[in-house]
Every structure is written in structure tokens, then in C-alpha cells.
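Only one structure is covered here, and it is reproduced in the block below.
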Amino acid sequence: MQWERRWSCVIAVALAGCGSDGPGEGESDTSLADELNLPGFVIDGAAAGDRILAEPCGDINGDGLEDLAVEATREGRLVAYVVYGKDDEGQVELAELEAGGAGGLTFDAGARTTYSDDRLELVGVGDVNGDGFDDLVVAPRHSDAGSATLLPGGPAYPALVNYAHLTAEGGTATFTVSGDYFGGSGVEPVRIGDINGDGFEDVGLIGHGGLSDSFQVAFGGATIESRTQDQLREGAGGFAIQYVERAHVLGPADINGDGIEDLVVADFGRYRFGRVDVVVLFGGADLGVDSPILVEDYSPPPLPGFLVALTDYYVTQFLGGAAGRDINGDGLDDIAIDDGGEGAVFVVFGKTDGESVLLPEALGDRGFRIEHGDLPAGESPYDLDRRLTMIPDLNGDGRDEIVLQSRSTEGEPSQAYVIYGKEDTAPVALSDVAAGVGGYLVNDWPEGGYLGDLIGWAAIGGGAARDLVLVDRDASPSGEASGRAYVLFDVPGR
């Protein structure tokens, strides 16, 4: 257990700056590596209210190191950044990057004054055009937005990128999609992998509407043209899925183990939020040949794949999902769904047949439950800030792990449970995990501090994906809630 406690302490010390004893506003925690006895670096937000969020986005500039896409919720302006991967411990100040400094890119989409949570989203979508560089999709996220722009990776971009100047002449393609006609929050790009098996990664596009969403896929290729929602719906360069009310994509994941990624889409708006359907469409050359793909209630998909349905009406509360890791070690990627109404995470094992899985009653030997137990509870599930992820094998047993993280807005302490993968289907109690059985609880951060988001592992400093990325969006190094991200190299326990 020694390595478990050490990993837990690594996170605790790293986040000491988030608590009452950490650096104050405008101060910088430059002693991170010394305190940890581990290398790593800090990324500080540029301005008050930025509340930065850093996510690994692939190797955009082709230097062999994974990079980070950093979003900000700055009131009055849409800005975002790419911080290039590096193996030194020098602190990254996004204010310096924004001023034209080296080490990454700054994206500026201009003034925006409607809502303080508007943002410019950057999503790494893999190598869509097959040129050896991972690519980005850049998307303004606000009620007036309706497009997302593919930006091919490469080493030649200037330090400052004007979003309005990304044109087709520069090799970019713009996808124009929307949800319904009742407002919304723009286009959410998602990485889905190469679902038609042609060697080019594809791009998922969720048009978020006020009442319902739309879901489209744009196929990758050596040459990618701009597409409208109608063109994708008609099968030109992609396809659409019909009758998705509220979409959330899980993956990329190879659920049936055939070497081609599958499309896993959760629809948590069925019957106006009364149930949740997770549609699994097996990847292959036939996927998307006919468009749109009609997804019917309670019915298996019309193409090879299967349906996972949470059927307990008006009890089900979808709090998140994950896919893309092999939890039981059978060579197939698995699916996890966090249901606040049932008080459990359902882990559904990957499979090759088309039989539907109806939850909770028919899980059987198809997976196992993780009982919430003593997770913090606000007055309703909507008071909870939940994050469910799958991560690489930590304990060396050949099975990947699940992380369930919860932070209540009602003032309860945050908690993060690491649940080890396993072959059997016996339920898992988080109280047992907290006691070190079947996993462990990360809970020894300083008095007054809280656990920020465990974003995941990546190869930011090179080598294997052993570098841990964490984010505290409420940290205040450059003004109130400017945000801070940590990259910790070669974290113990991997």
C-alpha cells in the first residue's frame, strides 16, 4: 500500500496551494517540485475570472510531447491557449503567452459580453488529415455560436492566432451545426477516433440547443472540406444521428475489440430527462454510409451495436459517463455510467453481440455496480460536481481503473475514489474502497483545501503517459479565480 499512499500524498501536496495555507492572490507556488521531490510545473491563469481548465490534446506541434489545451471563462473576451509539452520545471504564465511569449499558442476570438461563462473551446481530435500531426477543433461556446473550425496541427503557427482569420486557405474546415431554435451553447467538438476504419480520425459535433441537441460526425481525410449540418445529415463527408435529445459522447472506445473504434453516445434527455439511453454503434466501413441514422426508443440501433438503457423513469439522474478502457481485462473496452438516482455507477463490460442491456434490473453478469454510499449529497443531484473517468492500469494487474470524483457545492469536502479494475461482477462499495479494499480514497489534502479535478495522465514530458494533470479552477495566482493547473511528471504508482 505504500505506493498508494505516496500517490495520494503527491496530489495532496500539489494542491496545498488551493487551501487556507497556500499562496495568496497574485502569489506563485514555485516550490512544487521541491515539496514533491518530483519534477513538474505549474500553469497560472492570466486574469481574474479565467478559471482555466487544462486538458491533454495530443501532440499538436509534432515535437513528440503531448500538449495541453487550456480554456478560460474570461468575462468580455474569448481566449484560449495551447501549452506545448515540455520536460522542464519552468512555470508557465499564460499572461506571458498571451503577450506573444514562447511555449505555445494563444487563440483570440474577440469581445464577448453576454455571459461570464462563455468560452472558446479547444479539443484535440487526433490526426484527422493523416499528416502525422494531431489536430484541434476550435469552437466558440455561447448562445449565438453555431460553428467549429478544424485547425490542422503543425509547427508553423504564430504565437497569436486570430480565430476570425482561420480560413480555408490555411487548410482549415468549418462545420456549421446547431441544436434547436431555442438558444443553446454552440457546438461541442468531441474526439471519437477512427470509427469507419479508413485510417483517418473522425470528429464528433454536438449542436447544443435550448431544449434538444443534434449530433453529427465529420469524417477525416487527406482533404477535408467545410460542411453544414444539412450536408452532414445528407451523408456528404459524414453523417447524423436522428432523435438525440441531450448528447454526451463516451470514448473513443473499442467496445467489441475488433481494432476499430466504436461510437458511444449517451442520450440523457429521453422523455424530457426521464431516462438515459447509451447507443453503441460498432465501427466499420458501413458506419455512416446511410444518413441520418434513426435511433428509436427502447430499440436496438439499426446498425451493428447495442443499447444500454437506464429505464427507471424520473429516478434516473445522469451525472456522467466514461468509456475507452478495459476494466475487466478481457481485451474489450468497457462503459461506465454514473446514475445519481440509483445511487450507483454501472460498469457495463464490452461485448460483441447486439443484445440490449437494461439497467438496473438486467445488469447480471454483464458488469458490476459501484454503490455511491457516503458520497457527499447536496439537496439534489444538481448540487454535485461529479467527474467519472477511466485511467490506465495503476496496480500492475493488467486491468484499467475507474476514478469517481465528487465535490459538493453545499460545502462538503471533495473526494476522489480510485476503483481498481476487476473480472468479477460483485458490487463494489465505496466504503470498502475508502478502507483500501479494491482501491483507495484520495483524501489527505491539507486542512481547508479541496481536491481539484484529476484530469488524467498524458505524456506531457515525453515517454510513457505517466504525467498527471490536475486543475484547480478557483485558485487565485493572478487575480480571483484565475485558475491553476499542475503537471506532475512520472507520478508514482503508474
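Ligands are numbered from 1 in the order shown, residues from 1 within each chain, and chains are lettered A, B, ... in the order they appear in the C-alpha cells.
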query = Where does DSSP see strand (DSSP E) in region 134-366 of chain A, if you list the residues as a PyMOL selection string?
reply = chain A and resi 135-141+147-151+160-162+173-176+184-193+202-209+214-218+227-228+238-242+247-253+262-270+275-281+293-294+305-310+318-325+334-339+344-348+357-359
inquiry  = Env of Tyr81 (chain A): 6 Å cut, atoms = only C-alpha atoms, seq-sep filter 5 positions within chain, self excluded. Answer as a ChimeraX atom specification.
reply    = /A:69-70,105-107
Contacts of region 280-339 of chain A with region 347-356 of chain A up to 10 Å, shortest pair per row, only C-alpha atoms, as a tab-separated table:
```
residue	atom	partner	partner_atom	distance
A:Val280	CA	A:Gly354	CA	9.3
A:Leu281	CA	A:Gly354	CA	9.7
A:Phe282	CA	A:Thr352	CA	8.8
A:Tyr298	CA	A:Ser356	CA	8.8
A:Ser299	CA	A:Ser356	CA	8.1
A:Pro300	CA	A:Ser356	CA	6.5
A:Pro301	CA	A:Gly354	CA	8.6
A:Leu303	CA	A:Gly354	CA	9.3
A:Pro304	CA	A:Gly354	CA	6.7
A:Gly305	CA	A:Gly354	CA	5.3
A:Phe306	CA	A:Gly354	CA	4.6
A:Leu307	CA	A:Ser356	CA	4.7
A:Val308	CA	A:Ser356	CA	5.9
A:Ala309	CA	A:Ser356	CA	7.7
A:Gly321	CA	A:Val347	CA	9.7
A:Ala322	CA	A:Val347	CA	9.4
A:Ala323	CA	A:Val347	CA	9.5
A:Gly324	CA	A:Gly350	CA	9.7
A:Arg325	CA	A:Gly350	CA	9.7
A:Asp326	CA	A:Gly350	CA	8.1
A:Ile327	CA	A:Phe349	CA	7.8
A:Asn328	CA	A:Phe349	CA	7.3
A:Gly329	CA	A:Phe349	CA	9.8
A:Asp330	CA	A:Gly350	CA	8.5
A:Gly331	CA	A:Gly350	CA	8.6
A:Leu332	CA	A:Gly350	CA	5.2
A:Asp333	CA	A:Gly350	CA	5.4
A:Asp334	CA	A:Gly350	CA	4.6
A:Ile335	CA	A:Val348	CA	5.1
A:Ala336	CA	A:Val347	CA	4.4
A:Ile337	CA	A:Val347	CA	6.6
A:Asp338	CA	A:Val347	CA	8.9
```
Atomic distance CA of Asp490 (chain A) - CA of Val437 (chain A), expressed in Å with one decimal = 24.9 Å
Could the residues of region 215-317 of chain A that have an atom at most 10 Å from region 144-163 of chain A be listed as JSON lines, each with its closest atom pair and the distance in Å to one decimal, counting only C-alpha atoms and ordered by chain and ascending residue number?
```
{"residue": "A:Ile224", "atom": "CA", "partner": "A:Leu150", "partner_atom": "CA", "distance": 9.0}
{"residue": "A:Glu225", "atom": "CA", "partner": "A:Leu150", "partner_atom": "CA", "distance": 9.9}
{"residue": "A:Ser226", "atom": "CA", "partner": "A:Thr149", "partner_atom": "CA", "distance": 8.6}
{"residue": "A:Arg227", "atom": "CA", "partner": "A:Ser147", "partner_atom": "CA", "distance": 9.8}
{"residue": "A:Thr228", "atom": "CA", "partner": "A:Ser147", "partner_atom": "CA", "distance": 8.9}
{"residue": "A:Gln229", "atom": "CA", "partner": "A:Ser147", "partner_atom": "CA", "distance": 9.7}
```
What does the file look like for those residues with C-alpha atoms, as a compact mmCIF listing (two decimals), in the first residue's frame?
```
# COMPACT_ATOMS: atom_id res chain seq x y z
CA ILE A 224 -11.42 18.00 -45.50
CA GLU A 225 -14.00 20.48 -46.74
CA SER A 226 -16.25 22.73 -44.70
CA ARG A 227 -19.66 21.19 -44.08
CA THR A 228 -23.08 22.39 -42.99
CA GLN A 229 -25.45 20.46 -40.79
```
request  = Compile the contact shell of Glu245 (chain A) as a PyMOL selection string: residues with an atom at most 7 Å away, counting only C-alpha atoms, same-chain residues fewer than 5 positions apart removed.
outcome  = chain A and resi 212-213+267+269-270
key: Nearest-residue call for Asp258 (chain A), choices A:Ile195, A:Phe489, A:Leu388, A:Gln216, using only C-alpha atoms   = A:Ile195
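Among the candidate residues A:Ala253, A:Val138, A:Ile260, A:Leu166, the one lying nearest to Leu205 (chain A) is A:Val138, with distances computed using only C-alpha atoms.
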